[in-house]
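Structure file data_5.pdb with PDB, C-alpha atoms:
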```
MODEL        1
ATOM      1  CA  ARG O   1      29.721   3.617 -48.407
ATOM      2  CA  GLY O   2      26.111   2.467 -48.792
ATOM      3  CA  LEU O   3      26.671  -0.600 -46.608
ATOM      4  CA  GLY O   4      23.234  -0.733 -45.006
ATOM      5  CA  ASP O   5      22.303  -2.033 -41.580
ATOM      6  CA  VAL O   6      23.425  -5.610 -42.302
ATOM      7  CA  TYR O   7      27.113  -4.648 -42.156
ATOM      8  CA  LYS O   8      28.416  -4.018 -38.653
ATOM      9  CA  ARG O   9      31.713  -2.495 -37.625
ATOM     10  CA  GLN O  10      33.483  -4.392 -34.858
ATOM     11  CA  GLY O  11      36.840  -4.093 -33.128
ATOM     12  CA  ASN O  12      39.105  -6.284 -31.058
ATOM     13  CA  PRO O  13      38.301  -5.218 -27.454
ATOM     14  CA  TYR O  14      41.355  -6.905 -25.964
ATOM     15  CA  SER O  15      44.984  -5.848 -25.668
ATOM     16  CA  THR O  16      46.012  -9.180 -27.191
ATOM     17  CA  TRP O  17      45.579 -10.749 -30.626
ATOM     18  CA  LEU O  18      42.443 -12.791 -31.406
ATOM     19  CA  PHE O  19      42.066 -16.074 -33.306
ATOM     20  CA  ALA O  20      39.949 -15.216 -36.352
ATOM     21  CA  ASN O  21      39.394 -18.354 -38.453
ATOM     22  CA  LYS O  22      39.602 -22.146 -38.309
ATOM     23  CA  GLY O  23      43.229 -22.201 -39.399
ATOM     24  CA  THR O  24      44.373 -20.518 -36.197
ATOM     25  CA  THR O  25      42.984 -22.845 -33.555
ATOM     26  CA  SER O  26      40.210 -25.311 -32.751
ATOM     27  CA  ALA O  27      36.809 -25.168 -34.395
ATOM     28  CA  THR O  28      35.225 -23.334 -31.453
ATOM     29  CA  ASN O  29      37.408 -20.527 -30.109
ATOM     30  CA  ASN O  30      37.795 -18.352 -33.182
ATOM     31  CA  LEU O  31      35.697 -15.340 -34.144
ATOM     32  CA  LEU O  32      34.076 -16.687 -37.326
ATOM     33  CA  THR O  33      33.133 -20.113 -35.999
ATOM     34  CA  ALA O  34      31.905 -18.879 -32.612
ATOM     35  CA  ASN O  35      29.645 -16.312 -34.311
ATOM     36  CA  THR O  36      28.419 -18.369 -37.263
ATOM     37  CA  ALA O  37      24.796 -18.324 -36.030
ATOM     38  CA  VAL O  38      24.654 -14.517 -36.152
ATOM     39  CA  LEU O  39      26.578 -14.057 -39.419
ATOM     40  CA  GLU O  40      25.165 -14.075 -42.921
ATOM     41  CA  GLU O  41      28.679 -14.897 -44.136
ATOM     42  CA  GLU O  42      31.640 -16.303 -42.222
ATOM     43  CA  THR O  43      33.789 -13.473 -43.517
ATOM     44  CA  ILE O  44      35.710 -10.533 -42.096
ATOM     45  CA  TRP O  45      36.584  -7.375 -44.049
ATOM     46  CA  ILE O  46      39.607  -5.395 -42.848
ATOM     47  CA  TRP O  47      40.711  -1.983 -44.110
ATOM     48  CA  ASP O  48      44.126  -1.947 -45.810
ATOM     49  CA  SER O  49      45.269   1.670 -45.566
ATOM     50  CA  LEU O  50      48.353   0.992 -47.689
ATOM     51  CA  ASN O  51      46.255   0.110 -50.748
ATOM     52  CA  SER O  52      43.077   1.995 -49.758
ATOM     53  CA  THR O  53      40.824  -1.033 -50.021
ATOM     54  CA  TYR O  54      39.289  -3.773 -47.914
ATOM     55  CA  ILE O  55      40.968  -7.160 -47.425
ATOM     56  CA  THR O  56      38.515 -10.079 -47.461
ATOM     57  CA  LYS O  57      39.190 -13.031 -45.126
ATOM     58  CA  ASN O  58      37.166 -16.214 -44.574
ATOM     59  CA  GLN O  59      37.494 -19.710 -43.140
ATOM     60  CA  ASP O  60      39.566 -21.062 -46.045
ATOM     61  CA  ASP O  61      42.271 -18.409 -45.747
ATOM     62  CA  ASP O  62      45.590 -19.205 -44.160
ATOM     63  CA  ALA O  63      45.481 -18.688 -40.403
ATOM     64  CA  PHE O  64      44.994 -15.049 -39.508
ATOM     65  CA  ARG O  65      44.513 -13.106 -36.285
ATOM     66  CA  ILE O  66      43.024  -9.753 -35.353
ATOM     67  CA  ALA O  67      45.422  -7.222 -33.827
ATOM     68  CA  PRO O  68      44.658  -5.394 -30.550
ATOM     69  CA  THR O  69      42.093  -2.612 -31.141
ATOM     70  CA  GLN O  70      41.944  -3.515 -34.871
ATOM     71  CA  GLY O  71      38.593  -2.650 -36.458
ATOM     72  CA  PHE O  72      36.800  -4.804 -39.040
ATOM     73  CA  PHE O  73      33.395  -5.324 -40.637
ATOM     74  CA  ILE O  74      31.120  -8.368 -40.483
ATOM     75  CA  LYS O  75      27.846  -9.080 -42.294
ATOM     76  CA  SER O  76      25.195  -9.975 -39.745
ATOM     77  CA  ALA O  77      22.179 -12.156 -40.380
ATOM     78  CA  LEU O  78      18.909 -10.259 -40.735
ATOM     79  CA  GLY O  79      17.421  -9.301 -37.399
ATOM     80  CA  ILE O  80      20.620 -10.115 -35.507
ATOM     81  CA  SER O  81      22.614  -7.399 -33.772
ATOM     82  CA  SER O  82      24.919  -9.348 -31.424
ATOM     83  CA  PHE O  83      28.512 -10.388 -32.046
ATOM     84  CA  SER O  84      30.504 -11.997 -29.256
ATOM     85  CA  PHE O  85      34.118 -12.112 -28.141
ATOM     86  CA  ALA O  86      35.457 -14.601 -25.603
ATOM     87  CA  GLU O  87      38.600 -14.650 -23.513
ATOM     88  CA  ASN O  88      39.662 -18.027 -24.922
ATOM     89  CA  MET O  89      39.965 -16.410 -28.373
ATOM     90  CA  GLN O  90      43.003 -14.463 -27.184
ATOM     91  CA  THR O  91      46.523 -15.386 -28.223
ATOM     92  CA  LEU O  92      49.968 -13.966 -27.484
ATOM     93  CA  THR O  93      51.089 -14.814 -31.010
ATOM     94  CA  THR O  94      51.648 -11.655 -33.044
ATOM     95  CA  GLN O  95      50.985 -11.299 -36.733
ATOM     96  CA  THR O  96      50.417  -8.451 -39.163
ATOM     97  CA  TYR O  97      46.644  -8.407 -39.139
ATOM     98  CA  TYR O  98      45.956  -8.943 -42.814
ATOM     99  CA  ARG O  99      49.207 -10.375 -44.157
ATOM    100  CA  THR O 100      49.860 -14.112 -44.136
ATOM    101  CA  SER O 101      52.104 -16.354 -46.190
ATOM    102  CA  ASN O 102      50.361 -18.631 -48.673
ATOM    103  CA  THR O 103      51.232 -22.154 -47.530
ATOM    104  CA  ASN O 104      48.388 -23.815 -49.425
ATOM    105  CA  THR O 105      48.994 -26.184 -52.304
ATOM    106  CA  ARG O 106      45.497 -25.742 -53.724
ATOM    107  CA  PHE O 107      44.795 -24.542 -57.247
ATOM    108  CA  GLU O 108      44.014 -20.824 -56.935
ATOM    109  CA  ILE O 109      43.564 -17.958 -59.390
ATOM    110  CA  ASN O 110      43.966 -14.314 -58.401
ATOM    111  CA  LEU O 111      42.522 -12.220 -61.209
ATOM    112  CA  PHE O 112      43.543  -8.547 -61.311
ATOM    113  CA  ALA O 113      41.984  -5.512 -63.006
ATOM    114  CA  ALA O 114      44.133  -2.389 -63.183
ATOM    115  CA  THR O 115      43.955   1.155 -64.479
ATOM    116  CA  ASN O 116      46.766   3.687 -64.548
ATOM    117  CA  ASP O 117      45.884   4.708 -60.992
ATOM    118  CA  ASP O 118      44.504   1.634 -59.254
ATOM    119  CA  GLN O 119      44.439  -2.164 -59.068
ATOM    120  CA  ARG O 120      41.969  -4.617 -57.545
ATOM    121  CA  ASN O 121      41.692  -8.397 -57.533
ATOM    122  CA  THR O 122      39.239 -11.247 -57.046
ATOM    123  CA  THR O 123      40.125 -14.796 -56.028
ATOM    124  CA  VAL O 124      38.944 -18.206 -57.234
ATOM    125  CA  ARG O 125      39.926 -21.268 -55.200
ATOM    126  CA  TYR O 126      39.489 -24.933 -56.071
ATOM    127  CA  ILE O 127      38.951 -26.951 -52.867
ATOM    128  CA  ASN O 128      37.694 -30.456 -52.157
ATOM    129  CA  ASN O 129      34.072 -30.708 -50.977
ATOM    130  CA  ARG O 130      33.106 -27.231 -52.177
ATOM    131  CA  THR O 131      30.193 -26.635 -54.557
ATOM    132  CA  THR O 132      29.424 -24.412 -57.525
ATOM    133  CA  SER O 133      26.741 -22.666 -55.441
ATOM    134  CA  PHE O 134      27.293 -20.459 -52.378
ATOM    135  CA  ASP O 135      29.417 -22.076 -49.634
ATOM    136  CA  ASN O 136      29.322 -20.059 -46.423
ATOM    137  CA  GLY O 137      32.803 -19.611 -44.992
ATOM    138  CA  SER O 138      34.391 -20.370 -48.364
ATOM    139  CA  ASP O 139      32.655 -17.807 -50.591
ATOM    140  CA  SER O 140      32.778 -14.129 -49.603
ATOM    141  CA  SER O 141      30.976 -11.098 -50.983
ATOM    142  CA  LEU O 142      32.679  -8.010 -52.339
ATOM    143  CA  PHE O 143      32.712  -5.214 -49.777
ATOM    144  CA  GLY O 144      32.493  -1.453 -50.194
ATOM    145  CA  GLY O 145      32.015   0.812 -53.186
ATOM    146  CA  ASP O 146      35.453   1.499 -54.672
ATOM    147  CA  ASP O 147      35.750   3.360 -57.972
ATOM    148  CA  LEU O 148      37.337   0.188 -59.373
ATOM    149  CA  SER O 149      36.346  -3.316 -58.343
ATOM    150  CA  ILE O 150      36.477  -6.794 -59.860
ATOM    151  CA  TYR O 151      34.410  -9.762 -58.746
ATOM    152  CA  THR O 152      33.064 -13.141 -59.828
ATOM    153  CA  GLU O 153      29.527 -14.496 -59.733
ATOM    154  CA  LEU O 154      28.389 -17.992 -58.803
ATOM    155  CA  VAL O 155      28.731 -20.701 -61.434
ATOM    156  CA  GLU O 156      25.347 -22.146 -60.396
ATOM    157  CA  ASN O 157      22.323 -20.602 -58.663
ATOM    158  CA  ASN O 158      23.630 -17.197 -59.647
ATOM    159  CA  THR O 159      21.590 -14.483 -57.958
ATOM    160  CA  GLY O 160      23.941 -11.665 -58.950
ATOM    161  CA  LYS O 161      25.944 -11.829 -55.712
ATOM    162  CA  LYS O 162      29.328 -10.154 -56.299
ATOM    163  CA  LEU O 163      32.105 -12.258 -54.820
ATOM    164  CA  ALA O 164      35.565 -11.204 -53.722
ATOM    165  CA  ILE O 165      36.379 -14.887 -53.075
ATOM    166  CA  GLN O 166      34.733 -17.873 -54.772
ATOM    167  CA  SER O 167      35.575 -21.480 -53.894
ATOM    168  CA  LEU O 168      34.759 -24.261 -56.348
ATOM    169  CA  PRO O 169      35.165 -28.060 -56.471
ATOM    170  CA  ASN O 170      38.698 -29.312 -57.057
ATOM    171  CA  SER O 171      37.651 -31.291 -60.132
ATOM    172  CA  ASN O 172      35.686 -30.984 -63.360
ATOM    173  CA  PHE O 173      37.472 -27.717 -64.163
ATOM    174  CA  GLU O 174      36.502 -27.785 -67.836
ATOM    175  CA  ASN O 175      32.785 -27.432 -67.131
ATOM    176  CA  MET O 176      32.985 -24.553 -64.670
ATOM    177  CA  VAL O 177      32.692 -21.253 -66.535
ATOM    178  CA  ILE O 178      33.034 -18.375 -64.076
ATOM    179  CA  PRO O 179      31.286 -15.029 -64.751
ATOM    180  CA  VAL O 180      33.582 -12.062 -64.059
ATOM    181  CA  GLY O 181      32.376  -8.509 -63.502
ATOM    182  CA  VAL O 182      34.135  -5.161 -63.296
ATOM    183  CA  SER O 183      32.772  -1.954 -61.799
ATOM    184  CA  ILE O 184      34.471   1.076 -63.310
ATOM    185  CA  ALA O 185      33.632   4.462 -64.773
ATOM    186  CA  ALA O 186      32.448   4.446 -68.377
ATOM    187  CA  GLY O 187      35.146   5.249 -70.899
ATOM    188  CA  SER O 188      37.970   3.551 -69.003
ATOM    189  CA  GLU O 189      40.760   1.253 -70.095
ATOM    190  CA  ILE O 190      41.576  -1.714 -67.876
ATOM    191  CA  THR O 191      44.296  -4.347 -67.926
ATOM    192  CA  PHE O 192      43.553  -7.902 -66.816
ATOM    193  CA  THR O 193      46.337 -10.079 -65.420
ATOM    194  CA  ALA O 194      46.341 -13.229 -63.297
ATOM    195  CA  ASP O 195      48.450 -14.941 -60.696
ATOM    196  CA  ALA O 196      47.625 -18.646 -60.983
ATOM    197  CA  LEU O 197      48.998 -20.932 -58.267
ATOM    198  CA  ASN O 198      49.414 -24.726 -58.355
ATOM    199  CA  ILE O 199      47.764 -25.185 -61.755
ATOM    200  CA  PRO O 200      46.958 -28.857 -62.445
ATOM    201  CA  ALA O 201      49.067 -30.517 -65.129
ATOM    202  CA  ASN O 202      48.146 -29.545 -68.710
ATOM    203  CA  TYR O 203      45.606 -26.927 -67.595
ATOM    204  CA  LYS O 204      45.716 -23.261 -68.566
ATOM    205  CA  VAL O 205      43.812 -20.176 -67.398
ATOM    206  CA  TYR O 206      41.879 -18.112 -69.940
ATOM    207  CA  LEU O 207      39.834 -14.915 -69.843
ATOM    208  CA  GLU O 208      37.057 -14.761 -72.420
ATOM    209  CA  ASP O 209      35.622 -11.448 -73.651
ATOM    210  CA  ARG O 210      32.317 -12.167 -75.379
ATOM    211  CA  ALA O 211      31.941  -8.607 -76.589
ATOM    212  CA  THR O 212      35.112  -8.746 -78.708
ATOM    213  CA  ASN O 213      35.275 -12.550 -79.189
ATOM    214  CA  ILE O 214      38.804 -12.539 -77.775
ATOM    215  CA  VAL O 215      40.142 -15.304 -75.537
ATOM    216  CA  THR O 216      43.410 -14.540 -73.718
ATOM    217  CA  ARG O 217      45.623 -16.975 -71.854
ATOM    218  CA  LEU O 218      46.616 -15.326 -68.572
ATOM    219  CA  ASP O 219      48.712 -17.896 -66.698
ATOM    220  CA  GLU O 220      51.852 -17.259 -68.768
ATOM    221  CA  ALA O 221      54.514 -14.802 -67.612
ATOM    222  CA  ASN O 222      53.758 -11.172 -68.579
ATOM    223  CA  SER O 223      50.454 -12.093 -70.220
ATOM    224  CA  GLU O 224      47.642  -9.528 -70.064
ATOM    225  CA  TYR O 225      44.440  -8.436 -71.717
ATOM    226  CA  VAL O 226      43.894  -4.710 -72.250
ATOM    227  CA  VAL O 227      40.392  -3.546 -73.098
ATOM    228  CA  PHE O 228      38.422  -0.318 -73.292
ATOM    229  CA  ILE O 229      35.124  -0.240 -71.354
ATOM    230  CA  GLU O 230      32.654   2.063 -73.079
ATOM    231  CA  SER O 231      29.986   1.487 -70.437
ATOM    232  CA  GLY O 232      30.436   0.824 -66.739
ATOM    233  CA  ASN O 233      28.138  -2.223 -67.102
ATOM    234  CA  THR O 234      30.070  -5.422 -67.928
ATOM    235  CA  ASN O 235      27.313  -7.987 -67.275
ATOM    236  CA  ALA O 236      27.613 -11.155 -69.399
ATOM    237  CA  ARG O 237      30.869 -10.001 -70.949
ATOM    238  CA  PHE O 238      33.868 -11.592 -69.183
ATOM    239  CA  TYR O 239      34.349 -15.235 -68.186
ATOM    240  CA  LEU O 240      37.196 -17.145 -66.551
ATOM    241  CA  HIS O 241      38.101 -20.674 -67.683
ATOM    242  CA  ALA O 242      40.500 -23.385 -66.550
ATOM    243  CA  LYS O 243      40.926 -25.693 -69.534
ATOM    244  CA  THR O 244      43.442 -27.875 -71.333
ATOM    245  CA  SER O 245      42.768 -26.016 -74.595
ATOM    246  CA  SER O 246      41.438 -22.611 -75.565
ATOM    247  CA  PRO O 247      37.679 -22.255 -74.905
ATOM    248  CA  LEU O 248      35.422 -21.712 -77.872
ATOM    249  CA  ILE O 249      33.407 -18.524 -78.042
ATOM    250  CA  THR O 250      30.348 -20.733 -78.498
ATOM    251  CA  ASP O 251      30.761 -22.236 -75.003
ATOM    252  CA  THR O 252      27.480 -21.871 -73.134
ATOM    253  CA  ASN O 253      26.843 -20.853 -69.567
ATOM    254  CA  ASN O 254      23.736 -20.388 -67.432
ATOM    255  CA  LEU O 255      23.085 -16.688 -67.874
ATOM    256  CA  SER O 256      19.503 -16.665 -66.666
ATOM    257  CA  THR O 257      20.247 -14.184 -63.876
ATOM    258  CA  VAL O 258      22.266 -11.674 -65.868
ATOM    259  CA  SER O 259      21.388  -9.553 -68.878
ATOM    260  CA  THR O 260      23.378  -9.551 -72.080
ATOM    261  CA  VAL O 261      24.975  -6.241 -73.045
ATOM    262  CA  SER O 262      26.682  -5.634 -76.392
ATOM    263  CA  TYR O 263      29.835  -3.563 -76.769
ATOM    264  CA  THR O 264      31.943  -2.623 -79.742
ATOM    265  CA  HIS O 265      35.384  -1.078 -79.521
ATOM    266  CA  LEU O 266      37.895  -2.430 -82.007
ATOM    267  CA  THR O 267      41.041  -0.751 -83.259
ATOM    268  CA  LEU O 268      41.773  -1.736 -86.845
ATOM    269  CA  PRO O 269      45.292  -1.757 -88.288
ATOM    270  CA  THR O 270      46.217   0.938 -90.812
ATOM    271  CA  ILE O 271      46.678  -0.441 -94.350
ATOM    272  CA  CYS O 272      49.287   1.335 -96.400
ATOM    273  CA  SER O 273      49.502   1.240-100.205
ATOM    274  CA  VAL O 274      52.917   0.916-101.808
TER     275      VAL O 274
ENDMDL
END
```
As structure tokens:
Amino acid sequence: RGLGDVYKRQGNPYSTWLFANKGTTSATNNLLTANTAVLEEETIWIWDSLNSTYITKNQDDDAFRIAPTQGFFIKSALGISSFSFAENMQTLTTQTYYRTSNTNTRFEINLFAATNDDQRNTTVRYINNRTTSFDNGSDSSLFGGDDLSIYTELVENNTGKKLAIQSLPNSNFENMVIPVGVSIAAGSEITFTADALNIPANYKVYLEDRATNIVTRLDEANSEYVVFIESGNTNARFYLHAKTSSPLITDTNNLSTVSTVSYTHLTLPTICSV
């Protein structure tokens, strides 16, 4: 899957479940916290065979545990090859390894991209004391090379890192314009939808397409945006907004790390003469 040496496959060596993140137990006896010095990201990627994709989990997820013998990937820091397990990480509590109930009351947007055959999502979370740059343990990179993937990029200090999860400050929503990218074969049609949780009063969620100058509200029931992608490159095309009113196409964003690509694919209505 072109993962390189930095990604390491691990597996629970015990016959019991393991605490995985801060939500499960104290700040010391969970996998991500105990191994933070050897990890480039405090993130675990777990294969979901039901949906044929990887589930991304980090410190801000609801409490989750690793099942006995369950395999997973971590992203190790450069030059580091060790990853440790300890007996005090074990728990007798059982839990489906990647499924947890969402008990959070935070503002969160799950943005989906779907074709006729597949669907993927990326998550944006608004959490106190997070930044618009990279927050280790709260922001997590996209993993793997699926035929279809959707991701966001950092609002500030954008180096082109593709994120499966991005956490942002829980304030100043209007000024945070989030770049969205899609990896897909050229000549494909995709449908964008969103599941927005705990939206602040009077705010709405919009997807902006700067190639077609179309802004679509996605937080309403059954709302969607269907678009044809002529090229597999969607850099500088899609942006996610949380605003009290529709964003203007002239809104600006720091695009210094991405290149602008122009697309044209408009279907015009047929005009009939009577």
field: the PyMOL selection byres ((chain O and resi 203) around 10) resolved against shown file, as a VMD selection string
entry: chain O and resid 173 to 174 199 to 202 204 to 206 219 241 to 246
task: Select, from O:Phe143, O:Phe134, O:Phe19, O:Tyr14, the residue with the minimum atom-to-atom distance to Thr159 of chain O, counting all atoms listed in the file.
output: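 The closest residue to Thr159 of chain O is O:Phe134.
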task: Just give me the gap between atom CA of Met176 of chain O and atom CA of Gly137 of chain O in Å, one decimal is fine.
output: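 Spanning atom CA of Met176 of chain O to atom CA of Gly137 of chain O is a straight-line distance of 20.3 Å.
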message: Let me make sure I understand: among O:Pro179, O:Gly71, O:Gly144, O:Pro247, which one has the smallest atom-to-atom distance to Glu156 of chain O if we use all atoms listed in the file?
response: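 Smallest separation from Glu156 of chain O among the options: O:Pro179.
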- prompt: So what do you get for atom CA of Ser133 of chain O versus atom CA of Leu32 of chain O, distance-wise?
  reply: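 Rounded to one decimal, the two atoms are 20.4 Å apart.
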- prompt: If you measure from atom CA of Val226 of chain O to atom CA of Val182 of chain O, what distance in Å do you get, rounded to one decimal?
  reply: 13.3 Å
query: Using all atoms listed in the file, which residue out of O:Asn170, O:Asn104, O:Asp135, O:Asp195 lies closest to Thr123 of chain O?
result: O:Asp195
- line: Min atom-atom distance to Pro169 of chain O from the set O:Asp209, O:Asp61, O:Glu108, O:Glu153, counting all atoms listed in the file, belongs to O:Glu108
